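J.: Input file: target-v1.csv. Contents: CSV, C-alpha atoms.
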chain,number,residue,atom,x,y,z
A,1,MET,CA,-26.7,-3.4,14.8
A,2,ILE,CA,-25.3,-1.3,12.0
A,3,LEU,CA,-22.1,0.7,12.1
A,4,THR,CA,-23.8,4.1,12.0
A,5,GLU,CA,-25.7,3.1,15.2
A,6,LEU,CA,-22.4,2.3,16.9
A,7,LEU,CA,-21.0,5.7,15.8
A,8,ASP,CA,-24.0,7.6,17.1
A,9,GLY,CA,-23.1,10.2,19.8
A,10,TYR,CA,-21.3,8.9,22.9
A,11,ALA,CA,-21.0,5.4,21.3
A,12,LEU,CA,-17.7,6.3,19.5
A,13,PRO,CA,-15.6,4.9,22.4
A,14,LEU,CA,-17.7,1.8,22.1
A,15,VAL,CA,-16.6,1.3,18.5
A,16,TRP,CA,-12.9,1.3,19.5
A,17,LEU,CA,-13.7,-1.1,22.3
A,18,VAL,CA,-15.4,-3.5,19.9
A,19,ILE,CA,-12.4,-3.2,17.6
A,20,LEU,CA,-10.0,-4.0,20.5
A,21,VAL,CA,-12.2,-7.0,21.4
A,22,PHE,CA,-11.8,-8.5,17.9
A,23,VAL,CA,-8.1,-7.8,17.9
A,24,LEU,CA,-7.8,-9.7,21.2
A,25,ALA,CA,-10.1,-12.5,20.1
A,26,GLY,CA,-8.1,-12.9,16.9
A,27,LEU,CA,-4.9,-12.9,18.9
A,28,VAL,CA,-6.2,-15.7,21.1
A,29,LYS,CA,-7.2,-17.8,18.1
A,30,GLY,CA,-3.8,-17.2,16.5
A,31,VAL,CA,-2.0,-18.5,19.6
A,32,VAL,CA,-4.3,-21.4,20.7
A,33,GLY,CA,-6.2,-22.3,17.6
A,34,LEU,CA,-9.7,-21.4,18.9
A,35,GLY,CA,-11.6,-18.9,21.0
A,36,LEU,CA,-12.5,-16.1,18.6
A,37,PRO,CA,-16.3,-16.5,18.9
A,38,THR,CA,-16.1,-17.5,22.6
A,39,ILE,CA,-14.0,-14.5,23.7
A,40,SER,CA,-15.9,-12.1,21.4
A,41,MET,CA,-19.3,-13.1,22.8
A,42,ALA,CA,-17.9,-13.1,26.4
A,43,LEU,CA,-16.5,-9.6,26.2
A,44,LEU,CA,-19.0,-7.9,23.8
A,45,SER,CA,-21.9,-9.1,25.9
A,46,LEU,CA,-20.5,-7.1,28.9
A,47,PHE,CA,-21.7,-3.9,27.2
A,48,MET,CA,-24.2,-4.9,24.4
A,49,LEU,CA,-27.0,-7.3,23.8
A,50,PRO,CA,-25.8,-10.9,23.1
A,51,ALA,CA,-27.8,-10.8,19.9
A,52,HIS,CA,-25.9,-7.7,18.7
A,53,ALA,CA,-22.6,-9.3,19.7
A,54,ALA,CA,-23.5,-12.5,17.7
A,55,THR,CA,-24.2,-10.5,14.5
A,56,LEU,CA,-20.8,-8.9,14.7
A,57,LEU,CA,-18.9,-12.1,15.1
A,58,VAL,CA,-20.4,-14.0,12.1
A,59,ILE,CA,-18.1,-12.9,9.3
A,60,PRO,CA,-14.8,-12.8,11.3
A,61,SER,CA,-15.7,-16.3,12.7
A,62,LEU,CA,-16.7,-17.7,9.3
A,63,VAL,CA,-13.6,-16.5,7.4
A,64,THR,CA,-11.1,-17.6,10.1
A,65,ASN,CA,-12.8,-21.0,10.5
A,66,VAL,CA,-13.0,-21.7,6.8
A,67,TRP,CA,-9.2,-21.0,6.7
A,68,GLN,CA,-8.9,-23.6,9.5
A,69,THR,CA,-10.5,-26.3,7.5
A,70,ARG,CA,-7.5,-26.7,5.3
A,71,PRO,CA,-6.1,-28.8,3.7
A,72,PHE,CA,-9.3,-28.9,1.5
A,73,SER,CA,-8.1,-32.2,0.0
A,74,GLY,CA,-8.8,-34.0,3.3
A,75,LEU,CA,-12.3,-32.6,3.8
A,76,ALA,CA,-14.2,-35.4,2.2
A,77,PRO,CA,-13.1,-38.2,4.6
A,78,MET,CA,-13.5,-35.8,7.5
A,79,LEU,CA,-17.0,-34.9,6.5
A,80,ARG,CA,-17.9,-38.6,6.2
A,81,ARG,CA,-16.9,-39.1,9.8
A,82,ILE,CA,-18.4,-35.9,11.4
A,83,GLY,CA,-21.1,-35.1,8.8
A,84,GLY,CA,-23.9,-36.4,11.0
A,85,MET,CA,-22.8,-34.1,13.8
A,86,GLN,CA,-22.9,-31.1,11.5
A,87,VAL,CA,-26.5,-32.0,10.4
A,88,GLY,CA,-27.3,-32.0,14.1
A,89,VAL,CA,-25.7,-28.6,14.6
A,90,ILE,CA,-27.8,-27.1,11.9
A,91,ALA,CA,-31.0,-28.7,13.2
A,92,GLY,CA,-30.3,-27.7,16.8
A,93,THR,CA,-29.4,-24.1,16.0
A,94,LEU,CA,-32.4,-23.5,13.8
A,95,ALA,CA,-34.8,-25.2,16.3
A,96,GLY,CA,-33.2,-23.2,19.1
A,97,ALA,CA,-33.6,-20.0,17.1
A,98,VAL,CA,-37.3,-20.7,16.5
A,99,MET,CA,-38.0,-21.7,20.1
A,100,LEU,CA,-35.9,-19.2,22.0
A,101,GLY,CA,-35.6,-16.2,19.6
A,102,ALA,CA,-32.4,-14.1,19.4
A,103,PRO,CA,-30.1,-14.2,22.4
A,104,ALA,CA,-31.3,-11.3,24.6
A,105,GLY,CA,-32.3,-10.4,28.2
A,106,ALA,CA,-31.4,-12.0,31.5
A,107,TRP,CA,-31.8,-15.6,30.3
A,108,ALA,CA,-29.2,-15.0,27.5
A,109,ALA,CA,-26.7,-13.6,30.0
A,110,VAL,CA,-27.2,-16.6,32.4
A,111,SER,CA,-27.0,-19.1,29.5
A,112,LEU,CA,-23.8,-17.5,28.2
A,113,GLY,CA,-22.3,-17.4,31.7
A,114,LEU,CA,-23.1,-21.1,32.2
A,115,ALA,CA,-21.6,-22.0,28.8
A,116,LEU,CA,-18.4,-20.1,29.5
A,117,LEU,CA,-18.1,-21.7,32.9
A,118,ALA,CA,-18.8,-25.2,31.6
A,119,TYR,CA,-16.2,-24.9,28.8
A,120,SER,CA,-13.5,-23.3,31.1
A,121,ALA,CA,-14.0,-26.0,33.8
A,122,TRP,CA,-13.9,-28.9,31.3
A,123,ALA,CA,-10.8,-27.5,29.4
A,124,MET,CA,-8.9,-27.0,32.7
A,125,PHE,CA,-10.0,-30.0,34.8
A,126,GLY,CA,-11.8,-32.4,32.5
A,127,ARG,CA,-10.2,-35.8,31.8
A,128,PRO,CA,-9.8,-36.9,28.2
A,129,PHE,CA,-12.2,-39.6,27.2
A,130,THR,CA,-12.6,-41.8,24.1
A,131,VAL,CA,-15.8,-42.4,22.2
A,132,PRO,CA,-16.1,-45.9,20.8
A,133,GLY,CA,-16.4,-46.0,17.0
A,134,LYS,CA,-19.6,-48.1,17.2
A,135,ILE,CA,-21.6,-45.3,18.9
A,136,GLU,CA,-20.3,-42.3,16.8
A,137,GLY,CA,-23.2,-42.9,14.4
A,138,TRP,CA,-25.9,-41.8,16.9
A,139,LEU,CA,-23.8,-39.8,19.4
A,140,GLY,CA,-22.4,-37.4,16.8
A,141,PRO,CA,-25.8,-36.1,15.7
A,142,LEU,CA,-26.9,-35.9,19.3
A,143,VAL,CA,-23.9,-33.8,20.3
A,144,GLY,CA,-24.5,-31.7,17.2
A,145,VAL,CA,-28.1,-30.9,18.2
A,146,MET,CA,-27.0,-30.0,21.8
A,147,THR,CA,-24.2,-27.8,20.4
A,148,GLY,CA,-26.7,-26.1,18.0
A,149,PHE,CA,-29.2,-25.4,20.7
A,150,ILE,CA,-26.5,-23.8,23.0
A,151,THR,CA,-25.3,-21.8,19.9
A,152,ALA,CA,-28.8,-20.4,19.4
A,153,ALA,CA,-29.1,-19.5,23.1
A,154,THR,CA,-25.6,-18.0,23.6
A,155,GLY,CA,-23.8,-17.5,20.3
A,156,VAL,CA,-21.0,-19.8,21.6
A,157,PHE,CA,-20.5,-23.1,19.8
A,158,VAL,CA,-17.7,-24.9,21.6
A,159,VAL,CA,-19.8,-26.9,24.1
A,160,PRO,CA,-20.1,-29.9,23.8
A,161,ALA,CA,-18.6,-29.9,20.3
A,162,VAL,CA,-15.0,-29.5,21.2
A,163,PRO,CA,-14.9,-32.1,24.0
A,164,TYR,CA,-16.6,-34.6,21.6
A,165,LEU,CA,-14.2,-33.9,18.7
A,166,GLN,CA,-11.3,-34.3,21.1
A,167,SER,CA,-12.6,-37.7,22.1
A,168,LEU,CA,-12.5,-39.2,18.6
A,169,GLY,CA,-8.8,-39.9,18.7
A,170,LEU,CA,-7.9,-37.6,15.8
A,171,ALA,CA,-4.4,-36.6,15.0
A,172,ARG,CA,-3.5,-33.0,15.9
A,173,ASP,CA,-3.9,-31.6,12.4
A,174,GLU,CA,-7.1,-33.6,11.9
A,175,LEU,CA,-8.5,-32.2,15.1
A,176,ILE,CA,-7.8,-28.7,14.1
A,177,GLN,CA,-9.5,-29.4,10.7
A,178,ALA,CA,-12.5,-31.0,12.4
A,179,MET,CA,-12.9,-28.0,14.7
A,180,GLY,CA,-12.7,-25.7,11.7
A,181,VAL,CA,-15.5,-27.7,10.0
A,182,SER,CA,-17.7,-27.7,13.0
A,183,PHE,CA,-17.1,-24.0,13.8
A,184,THR,CA,-17.8,-23.1,10.1
A,185,VAL,CA,-21.1,-24.9,10.1
A,186,SER,CA,-22.1,-23.5,13.5
A,187,THR,CA,-21.3,-19.9,12.2
A,188,VAL,CA,-23.5,-20.4,9.1
A,189,ALA,CA,-26.3,-21.9,11.2
A,190,LEU,CA,-26.0,-19.1,13.7
A,191,ALA,CA,-26.3,-16.5,10.9
A,192,ALA,CA,-29.4,-18.3,9.6
A,193,GLY,CA,-30.9,-18.4,13.1
A,194,LEU,CA,-30.3,-14.7,13.6
A,195,TRP,CA,-31.9,-14.0,10.1
A,196,LEU,CA,-35.0,-16.0,11.1
A,197,ASN,CA,-35.3,-13.7,14.1
A,198,ASP,CA,-34.8,-10.6,12.1
A,199,SER,CA,-31.6,-9.9,13.9
A,200,TYR,CA,-29.3,-10.2,10.8
A,201,SER,CA,-29.6,-7.4,8.2
A,202,MET,CA,-27.3,-6.1,5.5
A,203,GLY,CA,-26.2,-3.4,7.9
A,204,ALA,CA,-25.3,-6.0,10.4
A,205,ALA,CA,-23.4,-8.0,7.8
A,206,GLY,CA,-21.5,-4.8,6.8
A,207,ALA,CA,-20.5,-4.1,10.4
A,208,SER,CA,-19.4,-7.8,10.8
A,209,LEU,CA,-17.3,-7.5,7.6
A,210,ILE,CA,-15.5,-4.5,9.0
A,211,MET,CA,-14.7,-6.4,12.2
A,212,LEU,CA,-13.0,-9.0,10.1
A,213,VAL,CA,-10.0,-6.6,9.7
A,214,PRO,CA,-9.1,-6.3,13.4
A,215,ALA,CA,-9.8,-10.0,13.9
A,216,LEU,CA,-7.3,-10.9,11.1
A,217,ILE,CA,-4.7,-8.4,12.5
A,218,GLY,CA,-5.0,-10.0,15.9
A,219,MET,CA,-4.8,-13.5,14.4
A,220,GLY,CA,-1.6,-12.6,12.6
A,221,VAL,CA,0.0,-11.2,15.7
A,222,GLY,CA,-1.1,-14.3,17.7
A,223,THR,CA,0.3,-16.6,15.1
A,224,ARG,CA,3.7,-14.9,15.5
A,225,LEU,CA,3.4,-15.0,19.3
A,226,ARG,CA,2.7,-18.7,19.2
A,227,HIS,CA,6.4,-19.4,18.7
A,228,SER,CA,7.6,-17.2,21.6
A,229,LEU,CA,5.0,-17.9,24.3
A,230,ALA,CA,4.3,-21.0,26.3
A,231,PRO,CA,0.9,-22.1,24.8
A,232,ALA,CA,-0.1,-23.9,28.0
A,233,VAL,CA,0.4,-20.9,30.2
A,234,PHE,CA,-1.4,-18.6,27.7
A,235,ARG,CA,-4.3,-21.1,27.4
A,236,ARG,CA,-4.7,-21.4,31.2
A,237,CYS,CA,-4.8,-17.6,31.6
A,238,PHE,CA,-7.4,-17.4,28.7
A,239,LEU,CA,-9.6,-20.1,30.4
A,240,ILE,CA,-9.4,-18.4,33.8
A,241,SER,CA,-10.4,-15.1,32.2
A,242,LEU,CA,-13.4,-16.8,30.5
A,243,ALA,CA,-14.5,-18.3,33.8
A,244,VAL,CA,-14.4,-14.9,35.5
A,245,VAL,CA,-16.5,-13.4,32.7
A,246,GLY,CA,-18.9,-16.4,33.0
A,247,VAL,CA,-19.4,-15.7,36.7
A,248,TYR,CA,-20.0,-12.0,36.0
A,249,MET,CA,-22.6,-12.9,33.3
A,250,LEU,CA,-24.3,-15.2,35.7
A,251,ILE,CA,-24.5,-12.6,38.4
A,252,LYS,CA,-25.6,-9.9,36.0
A,253,GLY,CA,-28.4,-12.1,34.5
A,254,TRP,CA,-29.5,-13.5,37.8
A,255,TRP,CA,-29.9,-10.1,39.5
Now, as a test, write the supplied structure out as structure tokens.
T.:
Amino acid sequence: MILTELLDGYALPLVWLVILVFVLAGLVKGVVGLGLPTISMALLSLFMLPAHAATLLVIPSLVTNVWQTRPFSGLAPMLRRIGGMQVGVIAGTLAGAVMLGAPAGAWAAVSLGLALLAYSAWAMFGRPFTVPGKIEGWLGPLVGVMTGFITAATGVFVVPAVPYLQSLGLARDELIQAMGVSFTVSTVALAAGLWLNDSYSMGAAGASLIMLVPALIGMGVGTRLRHSLAPAVFRRCFLISLAVVGVYMLIKGWW
């Protein structure tokens, strides 16, 4: 999808709607530290193909996630611990792209709806668990492959990556950095998968670059709001909203 196509005829209101979606997604990420690709895919897929939505989120997601990987001085030890998972993410995403094609049609809507419901339910009701260090060596790559495959199918890369990273016993800042690393790798792998399916062109990259601006504006506002809002309340409202969208996508895809 290129920007001129979005601007064609009646689609001008759609352009503003897309911009508002990225402002909202950036705001959510600024407040709770994640959610930009998830909420972008959830809302954009209500009125455009998931493959088109995925192309738009690549650059905003990549830039904000690279920023989240700071401090860069601590990247080396973090990569040594979760590097195998990232290899699995790349392998799973590319394999999923080849096997499934770009996210489109009823199956993509159903897959996205299931992913949103699974993530919302786990985040609201799931109990924390701990992964023993002795099984990280094989479990990390397996979780990465599963995350990659779901990324290829839906454009959402939080399941099961985030629950797994939260189970590693990382300190708060380490967890934020680990999620930034995983999201960055997933974004690059998603872009590569879309390119393999001829869904990511220079025009799509240009439109995605433009969407970086509203995403950063929203993230800046969200960062300011973080100090005046109760993050737990905001997070619960966010997750309930995702669950509602997930149910809608299931019904839409099924029927």
J.: Determine, counting all atoms listed in the file, which protein, DNA and RNA residues have an atom within 8 Å of an atom of segment 162-167 of chain A; residues of the same chain fewer than 3 positions away are not included. Present the result as a PyMOL selection string.
T.: chain A and resi 128-131+143+158-159+170+175+178-179
J.: Using all atoms listed in the file, pick whichever of A:Arg81, A:Met124, A:Ala192, A:Phe22 has the shortest atom-to-atom distance to Leu168 of chain A.
T.: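 Looking at the shortest contact to Leu168 of chain A, the residue is A:Arg81.
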J.: Which neighbours of Ala121 of chain A fall inside 10 Å, counting all atoms listed in the file, when residues of the same chain fewer than 4 positions from it are skipped, and could you give them as a PyMOL selection string?
T.: chain A and resi 115-117+125-126+239-240+242-243
J.: Which residue is closest to Ile150 of chain A? Choose from A:Pro77, A:Gly96, A:Pro214, A:Gly222 and count all atoms listed in the file.
T.: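 Of A:Pro77, A:Gly96, A:Pro214, A:Gly222, the one nearest Ile150 of chain A, counting all atoms listed in the file, is A:Gly96.
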J.: Measuring between only C-alpha atoms, which one of A:Ile59, A:Met41, A:Val181, A:Ala153 shows the shortest distance to Arg80 of chain A?
T.: A:Val181
J.: Could you name the residues that touch Leu250 of chain A at 7 Å or less, counting all atoms listed in the file, but leaving out those on the same chain fewer than 5 positions away, as a PyMOL selection string?
T.: chain A and resi 109-110+113-114
J.: For Met146 of chain A, please output as a PyMOL selection string all residues within 8 Å (counting all atoms listed in the file; exclusion window: fewer than 2 positions along the same chain).
T.: chain A and resi 88-89+92+142-144+148-150+160
J.: Using all atoms listed in the file, which of A:Pro103, A:Trp67, A:Leu139, A:Phe157 sits nearest Gly30 of chain A?
T.: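 Nearest to Gly30 of chain A: A:Trp67.
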J.: In Å, how far is it from atom CA of Val58 of chain A to atom CA of Thr184 of chain A?
T.: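 Atom-to-atom, atom CA of Val58 of chain A and atom CA of Thr184 of chain A are spaced 9.7 Å apart.
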J.: Any idea what the distance is between atom CA of Ile251 of chain A and atom CA of Ala42 of chain A?
T.: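 So the two atoms, atom CA of Ile251 of chain A and atom CA of Ala42 of chain A, lie 13.7 Å apart.
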J.: What separation in Å, quoted to one decimal, exists between atom CA of Leu225 of chain A and atom CA of Val244 of chain A?
T.: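 Going from atom CA of Leu225 of chain A over to atom CA of Val244 of chain A, I get 24.1 Å.
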J.: Tell me which of A:Val87, A:Ala102, A:Ala207, A:Leu57 sits closest to Ala152 of chain A, counting only C-alpha atoms.
T.: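 That would be A:Ala102, the residue with the smallest distance to Ala152 of chain A.
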J.: Using all atoms listed in the file, can you tell me which of A:Leu75, A:Leu27, A:Val98, A:Ile19 comes closest to Gly180 of chain A?
T.: A:Leu75
J.: Could you list, as a count of residues only, every residue within 12 Å of Gly253 of chain A, counting all atoms listed in the file and ignoring same-chain residues fewer than 2 positions away?
T.: 22
J.: If I put a ball of radius 8 Å at (-25.3, -12.9, 16.0) in the file's coordinates, which residues poke into it when counting only C-alpha atoms, written as an MDAnalysis selection string?
T.: chainID A and resid 50:58 102 155 190:191 194 199:200
